[in-house]
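*Asks:* Pasting input.cif below, which is mmCIF, C-alpha atoms.
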data_start
#
loop_
_atom_site.label_atom_id
_atom_site.label_comp_id
_atom_site.auth_asym_id
_atom_site.auth_seq_id
_atom_site.Cartn_x
_atom_site.Cartn_y
_atom_site.Cartn_z
CA MET J 1 -23.76 22.58 -33.37
CA ALA J 2 -26.49 20.96 -31.29
CA GLY J 3 -27.00 17.27 -31.43
CA PRO J 4 -29.94 15.86 -33.34
CA SER J 5 -33.17 15.16 -31.56
CA ALA J 6 -34.72 11.75 -31.46
CA LYS J 7 -37.72 13.32 -33.21
CA ARG J 8 -35.66 14.80 -36.00
CA ALA J 9 -36.88 12.27 -38.54
CA PRO J 10 -40.71 12.54 -38.56
CA GLY J 11 -42.64 9.50 -39.69
CA ARG J 12 -39.85 7.08 -38.87
CA ASN J 13 -41.67 4.79 -36.47
CA LEU J 14 -39.38 2.71 -34.22
CA LEU J 15 -41.27 -0.49 -34.89
CA TRP J 16 -41.24 0.16 -38.62
CA GLN J 17 -37.48 0.73 -38.54
CA THR J 18 -37.05 -2.44 -36.50
CA LEU J 19 -39.03 -4.45 -39.04
CA HIS J 20 -37.17 -2.78 -41.88
CA THR J 21 -33.86 -3.70 -40.29
CA LEU J 22 -35.08 -7.22 -39.55
CA SER J 23 -36.32 -7.82 -43.09
CA PHE J 24 -33.06 -6.62 -44.62
CA ALA J 25 -31.10 -8.68 -42.11
CA ILE J 26 -33.13 -11.78 -42.98
CA ILE J 27 -32.47 -11.28 -46.68
CA GLY J 28 -28.78 -10.88 -45.92
CA GLN J 29 -28.83 -13.91 -43.63
CA VAL J 30 -30.53 -16.06 -46.28
CA THR J 31 -27.85 -14.99 -48.76
CA GLN J 32 -25.15 -15.93 -46.26
CA VAL J 33 -26.79 -19.27 -45.51
CA VAL J 34 -26.95 -20.12 -49.22
CA ALA J 35 -23.28 -19.22 -49.56
CA GLY J 36 -22.52 -21.19 -46.40
CA VAL J 37 -24.12 -24.29 -47.86
CA VAL J 38 -21.91 -23.95 -50.95
CA TYR J 39 -18.84 -23.49 -48.74
CA ALA J 40 -19.70 -26.48 -46.54
CA ARG J 41 -20.41 -28.87 -49.40
CA ILE J 42 -17.36 -27.92 -51.46
CA LEU J 43 -14.80 -27.13 -48.75
CA GLY J 44 -16.00 -29.81 -46.30
CA PRO J 45 -15.88 -29.56 -42.49
CA ALA J 46 -12.14 -28.79 -42.40
CA GLY J 47 -12.32 -25.95 -44.95
CA LYS J 48 -15.47 -24.65 -43.28
CA GLY J 49 -13.60 -24.62 -39.99
CA ILE J 50 -10.72 -22.53 -41.40
CA LEU J 51 -13.16 -20.07 -42.98
CA SER J 52 -15.15 -19.76 -39.75
CA TYR J 53 -11.95 -19.06 -37.82
CA ALA J 54 -10.95 -16.29 -40.24
CA VAL J 55 -14.43 -14.73 -40.27
CA THR J 56 -14.55 -14.85 -36.47
CA ILE J 57 -11.45 -12.66 -36.33
CA VAL J 58 -12.78 -10.23 -38.95
CA VAL J 59 -16.06 -9.83 -37.09
CA LEU J 60 -14.01 -8.82 -34.05
CA SER J 61 -13.50 -5.49 -35.86
CA MET J 62 -17.20 -4.77 -35.37
CA THR J 63 -16.81 -4.94 -31.61
CA ILE J 64 -13.92 -2.47 -31.73
CA ALA J 65 -15.83 -0.19 -34.11
CA ASP J 66 -18.76 -0.29 -31.70
CA GLY J 67 -16.69 1.89 -29.37
CA ILE J 68 -16.29 4.57 -32.05
CA ARG J 69 -19.94 4.27 -33.04
CA GLN J 70 -21.19 4.76 -29.48
CA ALA J 71 -18.69 7.56 -28.79
CA ILE J 72 -20.09 9.44 -31.80
CA ALA J 73 -23.65 8.99 -30.57
CA TYR J 74 -22.82 9.98 -26.99
CA GLU J 75 -20.85 13.08 -27.96
CA ILE J 76 -23.45 14.31 -30.48
CA GLY J 77 -26.66 13.09 -28.84
CA THR J 78 -25.86 13.69 -25.16
CA GLU J 79 -22.90 16.10 -25.05
CA HIS J 80 -24.02 18.11 -28.14
CA GLU J 81 -20.53 18.39 -29.63
CA ASN J 82 -19.94 19.88 -33.10
CA GLN J 83 -20.66 17.09 -35.56
CA ARG J 84 -17.82 17.87 -37.96
CA ARG J 85 -15.32 17.75 -35.11
CA VAL J 86 -16.75 14.50 -33.80
CA PHE J 87 -16.64 13.01 -37.31
CA GLY J 88 -13.01 14.06 -37.82
CA THR J 89 -12.02 12.73 -34.42
CA ALA J 90 -13.68 9.40 -35.18
CA LEU J 91 -11.73 9.05 -38.43
CA GLU J 92 -8.49 9.85 -36.59
CA ALA J 93 -9.27 7.20 -33.99
CA LEU J 94 -10.08 4.58 -36.63
CA THR J 95 -6.79 5.30 -38.41
CA LEU J 96 -4.81 4.87 -35.20
CA ILE J 97 -6.55 1.58 -34.46
CA ALA J 98 -5.92 0.27 -37.99
CA PHE J 99 -2.23 1.16 -37.72
CA ALA J 100 -1.93 -0.61 -34.36
CA GLY J 101 -3.59 -3.65 -35.90
CA VAL J 102 -0.62 -4.18 -38.24
CA PHE J 103 1.54 -5.16 -35.27
CA VAL J 104 -1.17 -7.51 -34.00
CA TRP J 105 -1.30 -9.39 -37.30
CA LEU J 106 2.49 -9.71 -37.39
CA GLY J 107 2.44 -11.15 -33.90
CA LEU J 108 -0.36 -13.60 -34.66
CA MET J 109 1.51 -14.85 -37.73
CA ARG J 110 4.23 -16.02 -35.35
CA ILE J 111 2.22 -17.44 -32.48
CA GLY J 112 -1.39 -17.94 -33.62
CA PRO J 113 -3.03 -21.04 -35.11
CA HIS J 114 -3.41 -21.14 -38.91
CA PRO J 115 -0.76 -18.42 -39.56
CA GLU J 116 -1.55 -18.32 -43.27
CA VAL J 117 -4.89 -16.57 -42.65
CA TYR J 118 -3.63 -13.39 -40.98
CA PRO J 119 -2.38 -11.28 -43.94
CA VAL J 120 -5.74 -11.49 -45.71
CA VAL J 121 -7.68 -11.31 -42.45
CA GLY J 122 -5.80 -8.11 -41.57
CA VAL J 123 -7.00 -6.38 -44.74
CA ALA J 124 -10.60 -7.53 -44.24
CA PHE J 125 -10.44 -6.45 -40.59
CA THR J 126 -9.35 -2.92 -41.56
CA THR J 127 -12.05 -2.38 -44.19
CA SER J 128 -14.71 -3.73 -41.82
CA LEU J 129 -13.40 -1.45 -39.06
CA PHE J 130 -13.96 1.69 -41.12
CA LEU J 131 -17.31 0.49 -42.47
CA ASN J 132 -18.73 -0.06 -38.98
CA GLY J 133 -16.94 2.76 -37.17
CA PHE J 134 -18.52 6.02 -38.32
CA ILE J 135 -21.96 4.48 -38.83
CA GLY J 136 -22.94 6.10 -35.53
CA LEU J 137 -23.32 9.39 -37.38
CA TYR J 138 -26.12 7.85 -39.45
CA LEU J 139 -27.80 6.14 -36.50
CA VAL J 140 -27.86 9.24 -34.31
CA HIS J 141 -29.81 10.90 -37.15
CA ASN J 142 -32.15 7.86 -37.24
CA LEU J 143 -31.16 7.09 -40.85
CA VAL J 144 -31.53 3.37 -40.22
CA GLU J 145 -32.99 2.48 -43.61
CA ARG J 146 -30.01 3.91 -45.46
CA THR J 147 -27.49 1.88 -43.49
CA ASN J 148 -29.64 -1.23 -43.90
CA ALA J 149 -29.50 -0.89 -47.68
CA VAL J 150 -25.72 -0.43 -47.75
CA TYR J 151 -25.09 -3.36 -45.41
CA LEU J 152 -27.39 -5.59 -47.47
CA ALA J 153 -25.61 -4.67 -50.70
CA ALA J 154 -22.23 -5.47 -49.13
CA THR J 155 -23.53 -8.77 -47.75
CA ILE J 156 -24.93 -9.87 -51.10
CA LEU J 157 -21.71 -8.94 -52.89
CA MET J 158 -19.46 -10.82 -50.47
CA SER J 159 -21.74 -13.86 -50.14
CA LEU J 160 -22.53 -14.40 -53.80
CA GLY J 161 -19.01 -13.44 -54.89
CA GLY J 162 -17.52 -15.96 -52.49
CA ALA J 163 -19.98 -18.70 -53.42
CA VAL J 164 -19.38 -18.25 -57.17
CA GLY J 165 -15.64 -18.18 -56.59
CA VAL J 166 -15.69 -21.44 -54.63
CA TRP J 167 -18.10 -23.16 -56.99
CA LEU J 168 -16.61 -22.17 -60.34
CA PHE J 169 -13.01 -21.29 -59.57
CA LYS J 170 -12.25 -23.53 -56.56
CA MET J 171 -11.45 -20.47 -54.44
CA SER J 172 -9.80 -21.17 -51.09
CA PRO J 173 -11.21 -19.96 -47.75
CA LEU J 174 -8.74 -17.05 -47.86
CA GLY J 175 -10.08 -16.02 -51.26
CA ILE J 176 -13.52 -15.75 -49.69
CA VAL J 177 -12.12 -13.45 -47.00
CA ALA J 178 -10.52 -11.30 -49.73
CA VAL J 179 -13.93 -10.89 -51.40
CA MET J 180 -15.31 -9.82 -48.01
CA ALA J 181 -12.59 -7.16 -47.70
CA PHE J 182 -13.42 -5.76 -51.15
CA ALA J 183 -17.17 -5.57 -50.42
CA ASN J 184 -16.54 -3.78 -47.12
CA LEU J 185 -14.24 -1.28 -48.85
CA LEU J 186 -16.89 -0.32 -51.40
CA ALA J 187 -19.57 0.06 -48.72
CA ALA J 188 -17.31 2.15 -46.48
CA GLY J 189 -16.48 4.51 -49.34
CA PHE J 190 -20.14 5.02 -50.15
CA LEU J 191 -21.10 5.75 -46.54
CA LEU J 192 -18.15 8.08 -46.07
CA ARG J 193 -19.47 10.41 -48.77
CA GLY J 194 -22.89 10.53 -47.14
CA ALA J 195 -21.40 11.10 -43.68
CA ILE J 196 -19.77 14.31 -44.90
CA VAL J 197 -23.20 15.64 -45.85
CA LEU J 198 -24.74 14.56 -42.53
CA ALA J 199 -21.99 16.25 -40.53
CA GLY J 200 -22.59 19.51 -42.38
CA GLY J 201 -19.30 19.54 -44.24
CA ALA J 202 -15.84 18.00 -44.35
CA PRO J 203 -14.60 16.51 -41.07
CA ILE J 204 -12.54 18.77 -38.80
CA PHE J 205 -9.37 17.08 -37.59
CA ARG J 206 -7.03 17.78 -34.67
CA SER J 207 -9.70 19.03 -32.25
CA PRO J 208 -7.94 19.85 -28.95
CA GLY J 209 -8.94 17.49 -26.15
CA LEU J 210 -11.65 15.76 -28.15
CA LEU J 211 -9.50 12.92 -29.49
CA GLY J 212 -8.33 11.90 -26.03
CA ARG J 213 -11.86 11.98 -24.61
CA HIS J 214 -13.18 10.17 -27.66
CA LEU J 215 -10.55 7.43 -27.38
CA ARG J 216 -11.17 6.95 -23.65
CA PHE J 217 -14.91 6.56 -24.08
CA ALA J 218 -14.59 4.52 -27.27
CA GLY J 219 -11.87 2.40 -25.71
CA THR J 220 -14.06 1.48 -22.77
CA VAL J 221 -17.01 0.65 -25.02
CA ALA J 222 -14.75 -1.27 -27.39
CA LEU J 223 -13.31 -3.19 -24.45
CA ALA J 224 -16.83 -4.10 -23.35
CA SER J 225 -17.81 -5.08 -26.89
CA THR J 226 -14.59 -7.04 -27.40
CA ILE J 227 -15.05 -8.90 -24.15
CA THR J 228 -18.65 -9.52 -25.18
CA TYR J 229 -17.50 -10.93 -28.50
CA LEU J 230 -14.83 -13.03 -26.83
CA ALA J 231 -17.48 -14.34 -24.45
CA LEU J 232 -19.52 -15.18 -27.54
CA ARG J 233 -16.62 -16.77 -29.42
CA VAL J 234 -13.98 -17.83 -26.90
CA ASP J 235 -15.46 -21.32 -27.07
CA VAL J 236 -14.74 -21.31 -30.82
CA PHE J 237 -11.07 -20.59 -30.14
CA LEU J 238 -10.93 -23.26 -27.44
CA VAL J 239 -12.60 -25.83 -29.69
CA SER J 240 -10.15 -24.86 -32.45
CA ALA J 241 -7.22 -25.39 -30.11
CA ARG J 242 -8.33 -28.68 -28.54
CA LEU J 243 -10.38 -30.46 -31.20
CA PRO J 244 -9.88 -31.24 -34.93
CA ALA J 245 -10.90 -28.79 -37.64
CA ALA J 246 -13.88 -30.99 -38.51
CA SER J 247 -15.25 -30.57 -34.97
CA LEU J 248 -14.79 -26.82 -35.31
CA GLY J 249 -16.84 -26.86 -38.52
CA LEU J 250 -19.64 -28.82 -36.84
CA TYR J 251 -19.63 -26.54 -33.82
CA THR J 252 -19.67 -23.24 -35.70
CA LEU J 253 -22.53 -24.47 -37.88
CA ALA J 254 -24.52 -25.36 -34.76
CA LEU J 255 -23.98 -21.92 -33.27
CA GLY J 256 -24.65 -20.13 -36.55
CA SER J 257 -27.94 -21.97 -36.97
CA GLY J 258 -29.14 -21.03 -33.50
CA GLU J 259 -27.94 -17.45 -33.74
CA LEU J 260 -30.16 -16.82 -36.75
CA MET J 261 -32.86 -15.69 -34.32
CA TRP J 262 -30.58 -12.94 -33.02
CA GLN J 263 -31.54 -10.85 -36.03
CA LEU J 264 -34.56 -9.52 -34.15
CA GLY J 265 -32.52 -8.31 -31.18
CA ARG J 266 -29.94 -6.71 -33.44
CA ALA J 267 -32.64 -5.03 -35.52
CA ALA J 268 -34.33 -3.60 -32.43
CA GLY J 269 -31.02 -2.36 -31.04
CA THR J 270 -30.05 -0.71 -34.31
CA ALA J 271 -33.42 1.01 -34.74
CA ALA J 272 -33.38 2.27 -31.14
CA PHE J 273 -29.72 3.35 -31.11
CA GLY J 274 -30.31 7.05 -31.78
CA ARG J 275 -33.43 7.21 -29.62
CA ILE J 276 -31.74 5.71 -26.56
CA ALA J 277 -28.97 8.31 -26.92
CA THR J 278 -31.19 11.36 -27.45
CA LEU J 279 -34.47 10.76 -25.57
CA PRO J 280 -34.91 12.07 -22.02
CA ARG J 281 -33.66 9.57 -19.44
CA GLU J 282 -37.05 8.31 -18.25
CA GLU J 283 -38.25 7.73 -21.80
CA SER J 284 -34.97 5.99 -22.64
CA ILE J 285 -35.41 3.70 -19.62
CA ALA J 286 -38.95 2.78 -20.65
CA LEU J 287 -37.85 2.13 -24.24
CA THR J 288 -34.95 -0.10 -23.14
CA ALA J 289 -37.18 -2.18 -20.86
CA ARG J 290 -39.84 -2.58 -23.55
CA LEU J 291 -37.33 -3.68 -26.17
CA THR J 292 -35.71 -6.17 -23.81
CA ARG J 293 -38.90 -7.97 -22.84
CA SER J 294 -40.22 -7.94 -26.42
CA VAL J 295 -37.03 -9.45 -27.83
CA ILE J 296 -37.04 -12.23 -25.25
CA LEU J 297 -40.68 -13.08 -25.99
CA VAL J 298 -40.30 -13.31 -29.75
CA GLN J 299 -37.00 -15.18 -29.61
CA SER J 300 -38.47 -17.73 -27.18
CA VAL J 301 -41.12 -18.55 -29.77
CA VAL J 302 -38.51 -18.84 -32.52
CA ALA J 303 -36.29 -21.02 -30.32
CA ILE J 304 -39.08 -23.53 -29.77
CA ALA J 305 -39.52 -23.87 -33.53
CA LEU J 306 -35.76 -24.25 -34.04
CA PHE J 307 -35.56 -26.89 -31.34
CA VAL J 308 -38.20 -28.96 -33.09
CA VAL J 309 -37.19 -28.67 -36.76
CA GLY J 310 -33.64 -27.30 -36.66
CA PRO J 311 -31.70 -30.60 -36.56
CA TRP J 312 -33.78 -32.04 -39.40
CA LEU J 313 -33.17 -28.94 -41.53
CA ILE J 314 -29.43 -28.96 -40.86
CA THR J 315 -29.12 -32.56 -42.01
CA ARG J 316 -31.23 -32.01 -45.11
CA VAL J 317 -29.54 -28.78 -46.15
CA TYR J 318 -25.90 -29.37 -45.22
CA GLY J 319 -25.75 -33.15 -45.52
CA SER J 320 -25.39 -36.08 -43.13
CA ALA J 321 -21.79 -35.09 -42.31
CA PHE J 322 -23.23 -32.24 -40.22
CA THR J 323 -25.88 -34.23 -38.30
CA GLU J 324 -24.16 -33.69 -34.94
CA SER J 325 -24.57 -29.93 -35.33
CA GLY J 326 -28.33 -30.21 -34.78
CA ALA J 327 -28.03 -31.78 -31.33
CA VAL J 328 -25.41 -29.24 -30.29
CA MET J 329 -27.63 -26.38 -31.45
CA ARG J 330 -30.40 -27.59 -29.13
CA ILE J 331 -28.06 -27.38 -26.14
CA ALA J 332 -27.12 -23.78 -26.99
CA LEU J 333 -30.66 -22.52 -27.70
CA PRO J 334 -31.77 -21.59 -24.13
CA GLY J 335 -28.81 -19.27 -23.69
CA LEU J 336 -29.19 -17.81 -27.15
CA VAL J 337 -32.75 -16.73 -26.31
CA VAL J 338 -31.74 -14.34 -23.55
CA TYR J 339 -28.28 -13.19 -24.55
CA SER J 340 -29.07 -10.88 -27.45
CA ALA J 341 -31.23 -8.83 -25.08
CA THR J 342 -28.10 -8.13 -23.01
CA SER J 343 -26.71 -5.90 -25.77
CA ILE J 344 -29.80 -3.64 -25.50
CA LEU J 345 -29.15 -3.15 -21.79
CA ALA J 346 -25.45 -2.50 -22.43
CA GLN J 347 -26.40 0.08 -25.05
CA PHE J 348 -28.40 1.97 -22.44
CA PHE J 349 -25.52 1.92 -19.95
CA SER J 350 -23.19 3.51 -22.51
CA LEU J 351 -25.38 5.86 -24.55
CA LYS J 352 -27.61 7.28 -21.83
CA GLU J 353 -25.76 6.67 -18.57
CA GLY J 354 -22.28 7.28 -19.98
CA ARG J 355 -21.09 4.24 -18.01
CA PRO J 356 -19.67 1.69 -20.47
CA ARG J 357 -17.60 0.23 -17.61
CA ILE J 358 -20.73 -1.53 -16.39
CA ALA J 359 -20.84 -3.59 -19.56
CA VAL J 360 -17.10 -4.29 -19.21
CA ALA J 361 -17.59 -5.75 -15.74
CA VAL J 362 -20.59 -7.85 -16.74
CA GLU J 363 -18.99 -9.30 -19.83
CA LEU J 364 -15.63 -9.91 -18.16
CA PHE J 365 -17.40 -12.08 -15.61
CA SER J 366 -19.27 -13.88 -18.39
CA LEU J 367 -16.06 -14.41 -20.37
CA THR J 368 -14.23 -15.85 -17.37
CA LEU J 369 -17.10 -18.19 -16.61
CA CYS J 370 -17.29 -19.35 -20.24
CA VAL J 371 -13.54 -20.04 -20.41
CA VAL J 372 -13.43 -21.99 -17.15
CA VAL J 373 -16.50 -24.12 -17.84
CA THR J 374 -15.53 -24.75 -21.49
CA MET J 375 -12.04 -25.90 -20.47
CA ILE J 376 -13.64 -28.34 -18.03
CA THR J 377 -16.29 -29.70 -20.39
CA VAL J 378 -14.82 -29.66 -23.91
CA GLY J 379 -12.20 -32.33 -23.22
CA ARG J 380 -14.74 -34.75 -21.80
CA PHE J 381 -17.91 -33.96 -23.74
CA GLY J 382 -16.51 -32.40 -26.93
CA ILE J 383 -18.52 -29.74 -28.71
CA ALA J 384 -21.64 -30.58 -26.67
CA GLY J 385 -19.74 -29.55 -23.53
CA ALA J 386 -18.72 -26.26 -25.15
CA ALA J 387 -22.35 -25.53 -26.03
CA ALA J 388 -23.47 -26.22 -22.44
CA ALA J 389 -20.78 -23.85 -21.12
CA LYS J 390 -21.98 -21.16 -23.51
CA THR J 391 -25.58 -21.48 -22.31
CA LEU J 392 -24.52 -21.13 -18.67
CA ALA J 393 -22.42 -18.04 -19.44
CA TYR J 394 -25.22 -16.40 -21.46
CA PHE J 395 -27.80 -16.85 -18.72
CA THR J 396 -25.41 -15.47 -16.12
CA SER J 397 -24.52 -12.42 -18.21
CA PHE J 398 -28.14 -11.49 -18.85
CA ALA J 399 -29.12 -12.00 -15.21
CA VAL J 400 -26.35 -9.73 -13.97
CA ALA J 401 -27.03 -7.00 -16.58
CA SER J 402 -30.76 -7.07 -15.79
CA ALA J 403 -30.11 -6.78 -12.04
CA ILE J 404 -27.89 -3.74 -12.57
CA PHE J 405 -30.44 -2.11 -14.90
CA VAL J 406 -33.22 -2.63 -12.36
CA ARG J 407 -31.13 -1.22 -9.52
CA ARG J 408 -29.95 1.88 -11.43
CA THR J 409 -33.30 2.80 -12.99
CA GLY J 410 -35.85 1.80 -10.37
CA VAL J 411 -37.95 -0.31 -12.73
CA SER J 412 -39.09 -3.77 -11.65
CA VAL J 413 -37.80 -7.11 -12.88
CA PHE J 414 -41.23 -7.67 -14.44
CA ASP J 415 -40.77 -4.53 -16.57
CA VAL J 416 -37.69 -6.15 -18.11
CA LEU J 417 -38.96 -9.72 -18.48
CA ILE J 418 -42.77 -9.83 -18.77
CA PRO J 419 -44.46 -8.60 -22.00
CA ARG J 420 -47.45 -6.29 -21.78
CA ARG J 421 -50.52 -5.94 -23.92
CA GLU J 422 -49.57 -2.41 -24.95
CA ASP J 423 -46.33 -3.75 -26.45
CA LEU J 424 -48.48 -5.12 -29.27
CA ASP J 425 -50.31 -1.85 -29.88
CA GLY J 426 -47.48 -0.44 -31.98
CA LEU J 427 -47.53 -3.51 -34.21
CA VAL J 428 -51.29 -3.27 -34.70
CA GLN J 429 -51.07 0.44 -35.50
CA LEU J 430 -48.21 -0.15 -37.92
CA VAL J 431 -50.08 -2.88 -39.78
CA ARG J 432 -53.17 -0.67 -40.06
CA ALA J 433 -51.08 2.24 -41.31
CA ARG J 434 -49.28 0.16 -43.93
CA LEU J 435 -52.27 -1.81 -45.27
CA PRO J 436 -54.22 -0.06 -48.05
CA SER J 437 -57.69 1.07 -47.13
CA ARG J 438 -60.54 -0.94 -48.71
CA GLY J 439 -63.35 1.27 -47.53
CA LEU J 440 -64.27 -1.02 -44.64
#
I'd like the structure from this file rewritten - as structure tokens, please.
*Replies:*
Amino acid sequence: MAGPSAKRAPGRNLLWQTLHTLSFAIIGQVTQVVAGVVYARILGPAGKGILSYAVTIVVLSMTIADGIRQAIAYEIGTEHENQRRVFGTALEALTLIAFAGVFVWLGLMRIGPHPEVYPVVGVAFTTSLFLNGFIGLYLVHNLVERTNAVYLAATILMSLGGAVGVWLFKMSPLGIVAVMAFANLLAAGFLLRGAIVLAGGAPIFRSPGLLGRHLRFAGTVALASTITYLALRVDVFLVSARLPAASLGLYTLALGSGELMWQLGRAAGTAAFGRIATLPREESIALTARLTRSVILVQSVVAIALFVVGPWLITRVYGSAFTESGAVMRIALPGLVVYSATSILAQFFSLKEGRPRIAVAVELFSLTLCVVVTMITVGRFGIAGAAAAKTLAYFTSFAVASAIFVRRTGVSVFDVLIPRREDLDGLVQLVRARLPSRGL
């Protein structure tokens, strides 16, 4: 069965799908922020710190699932493998990973900090793994709106369910994680039914040679994504190990506030996922460069606004106990502006070039730099030092990824960094198409 074309879904404009993804992500983010305020005010900095630690581990499943998601897109979009076989192989791979995770949780219960969190975290990790794993089948068909709706429903269920549980029933941080696991399970079950239709029938298991190839590709992508996530969150683990739980709560709130602007980069990457995999190489290169420079431009504008009003909002919303988070957020903002664009470049390396090892090398360097600098600064400067280390690592990672992209594709640095007037044409056309005509 041939892979789907990037033009298979007529009328689905990339910018429209980006805005659709962004709007749904913002709604979900607002829901999470409201729930986070409830958690912070009722659980306090210490309880917020434990919850953030547990959620950080659960979100790690998304980086592992990213390997399966990209392997699906590469095998269907570039290699044109039979979709039912690819789907079955992906489910086999996810099952093997979930089984291996049992031994990880048992080990962490013996040696990791906060051992009480791992049984519940393990369940939430598994449900999140399956939810995010086979989503590549939807994205390679450009069915972005459908996945947006399912993710939003799951986010609302877990956020509001957790907030109500904490507010009315004094639920512990682990109870919140259990609600997350339940919401992910429902969403995964719903998407699984639709994936069977997309693949053209029930998944075909035990495809000779495909599982090994799938696991190798997915493993490399997952390694890159995991290293990326560790580079994003290794400072959280170091702060957790070296500073009190209250400091961890302040630090994670600062990062979470600044990372709100990442929704644009994630929306653009999600909307372009199938196109980058299926478009001809030159068109894929042009699309990747355009998305990268556009994301940096818009996030720079948002970052300026956050720098000015962010600390004031944090204090007013979360309370004076979290005042320090505002200053720390300002230190992290410059790095946050450029880093989300790195994932778009990494997506091109994997989906179109078939070279996920490039992302592994870039992120491993970034991770090492973040660990070394954080270890040096956190003891002396506290959470402000950790934020400074993160900014340095983010800038370095983006600079290296951009240099590799430029060298491999032949485009100029200006193509990646400097916005063009035509980048706005799609927005103007979209607005004109969506506004009702008034006979003018």
*Asks:* Give me, as CSV, the closest atom pair and its distance (Å, one decimal) for every residue of segment 73-171 of chain J within a cut-off of 8 Å of segment 13-22 of chain J, counting all atoms listed in the file, rows sorted by chain and rising number.
*Replies:*
residue,atom,partner,partner_atom,distance
J:Val144,CA,J:Gln17,CA,6.7
J:Glu145,CA,J:His20,CA,6.9
J:Asn148,CA,J:Thr21,CA,6.1
*Asks:* Keeping only C-alpha atoms, write the selected residues to a file as a CSV table (one decimal), keeping the file's coordinate frame.
*Replies:*
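After the write, again.csv holds the following:
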chain,number,residue,atom,x,y,z
J,144,VAL,CA,-31.5,3.4,-40.2
J,145,GLU,CA,-33.0,2.5,-43.6
J,148,ASN,CA,-29.6,-1.2,-43.9
*Asks:* Residues within 7 Å of segment 312-325 of chain J, please, as a VMD selection string. Count all atoms listed in the file; anything in the same chain fewer than 6 positions from it doesn't count.
*Replies:* chain J and resid 37 40 to 41 250 to 251 253 to 254
*Asks:* With all atoms listed in the file as the basis for distance, which of J:Gln83, J:Gln347, J:Thr292, J:Thr78 is at the shortest distance from Val197 of chain J?
*Replies:* J:Gln83
*Asks:* Neighbouring residues of Ile304 of chain J were defined as those with any atom within 12 Å, considering all atoms listed in the file; residues of the same chain fewer than 3 positions away were excluded. Please report them as an MDAnalysis selection string.
*Replies:* chainID J and resid 258 261 297:301 307:310 329:330 333:334 336:337
*Asks:* I'd like the contact shell of segment 392-397 of chain J - 7 Å cut-off, only C-alpha atoms, skipping same-chain residues fewer than 3 positions apart - returned as a list in words.
*Replies:*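 My reading of the contact set: Gly335, Val338, Tyr339, Val362, Glu363, Ser366, Leu369, Cys370, Ala388, Ala389, Val400 and Ala401 of chain J.
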*Asks:* Give me, please, the distance in Å between atom CA of Ile72 of chain J and atom CA of Val140 of chain J, quoted to one decimal.
*Replies:*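 According to the coordinates, atom CA of Ile72 of chain J and atom CA of Val140 of chain J are separated by 8.2 Å.
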*Asks:* Kindly give the distance, in Å, that separates atom CA of Leu51 of chain J and atom CA of His114 of chain J, rounded to a single decimal.
*Replies:*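 The value is 10.6 Å.
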*Asks:* Here's the selection I'm unsure about, the PyMOL selection byres ((chain J and resi 228) around 12); applied to the file above, which residues does it give, as a VMD selection string?
*Replies:* chain J and resid 60 62 to 64 66 221 to 227 229 to 234 339 to 340 342 to 343 346 359 to 368 370 393 to 394 397 to 398
*Asks:* Using only C-alpha atoms, which of J:Gly379, J:Gly28, J:Pro419, J:Pro356 sits nearest Arg216 of chain J?
*Replies:* J:Pro356
*Asks:* Considering only C-alpha atoms, return as a tab-separated table (two decimals) with C-alpha atoms, in the frame of the given file whatever protein or nucleic-acid residues lie within 12 Å of segment 102-104 of chain J, sequence-local ones (same chain, fewer than 5 positions apart) excluded.
*Replies:*
chain	number	residue	atom	x	y	z
J	57	ILE	CA	-11.45	-12.66	-36.33
J	95	THR	CA	-6.79	5.30	-38.41
J	96	LEU	CA	-4.81	4.87	-35.20
J	97	ILE	CA	-6.55	1.58	-34.46
J	109	MET	CA	1.51	-14.85	-37.73
J	110	ARG	CA	4.23	-16.02	-35.35
J	111	ILE	CA	2.22	-17.44	-32.48
J	112	GLY	CA	-1.39	-17.94	-33.62
J	118	TYR	CA	-3.63	-13.39	-40.98
J	119	PRO	CA	-2.38	-11.28	-43.94
J	120	VAL	CA	-5.74	-11.49	-45.71
J	121	VAL	CA	-7.68	-11.31	-42.45
J	122	GLY	CA	-5.80	-8.11	-41.57
J	123	VAL	CA	-7.00	-6.38	-44.74
J	125	PHE	CA	-10.44	-6.45	-40.59
J	126	THR	CA	-9.35	-2.92	-41.56
*Asks:* Could you please determine the separation between atom CA of Gly162 of chain J and atom CA of Val302 of chain J in Å, to one decimal place?
*Replies:*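 Going from atom CA of Gly162 of chain J over to atom CA of Val302 of chain J covers 29.1 Å.
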*Asks:* Excluding Tyr53 of chain J and residues on its chain fewer than 5 positions from it, collect all residues at most 12 Å away from it, counting all atoms listed in the file, and give them as a VMD selection string.
*Replies:* chain J and resid 46 to 48 58 to 60 112 to 118 121 173 to 174 177 233 to 241 245 248 to 249 251 to 253
*Asks:* Evaluate the PyMOL selection byres ((chain J and resi 198-206) around 7) and record the selected residues as an MDAnalysis selection string, following the chain and residue labels used in the document.
*Replies:* chainID J and resid 83:85 87:89 194:197 207:208
*Asks:* Pick out the closest residue to Thr377 of chain J from this set: J:Ala149, J:Lys390, J:Tyr74, J:Ile156. Count all atoms listed in the file.
*Replies:*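 Among the listed residues, J:Lys390 lies closest to Thr377 of chain J.
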*Asks:* Please work out which residues fall within 12 Å of (-31.8, -16.5, -42.0), coordinates as given in the file, with all atoms listed in the file counting, and return them as a ChimeraX atom specification.
*Replies:* /J:22-36,256-264,302,306
*Asks:* Using only C-alpha atoms for the distances, tell me which of J:Val179, J:Val328, J:Leu351, J:Ala403 is nearest to Gly77 of chain J.
*Replies:* J:Leu351
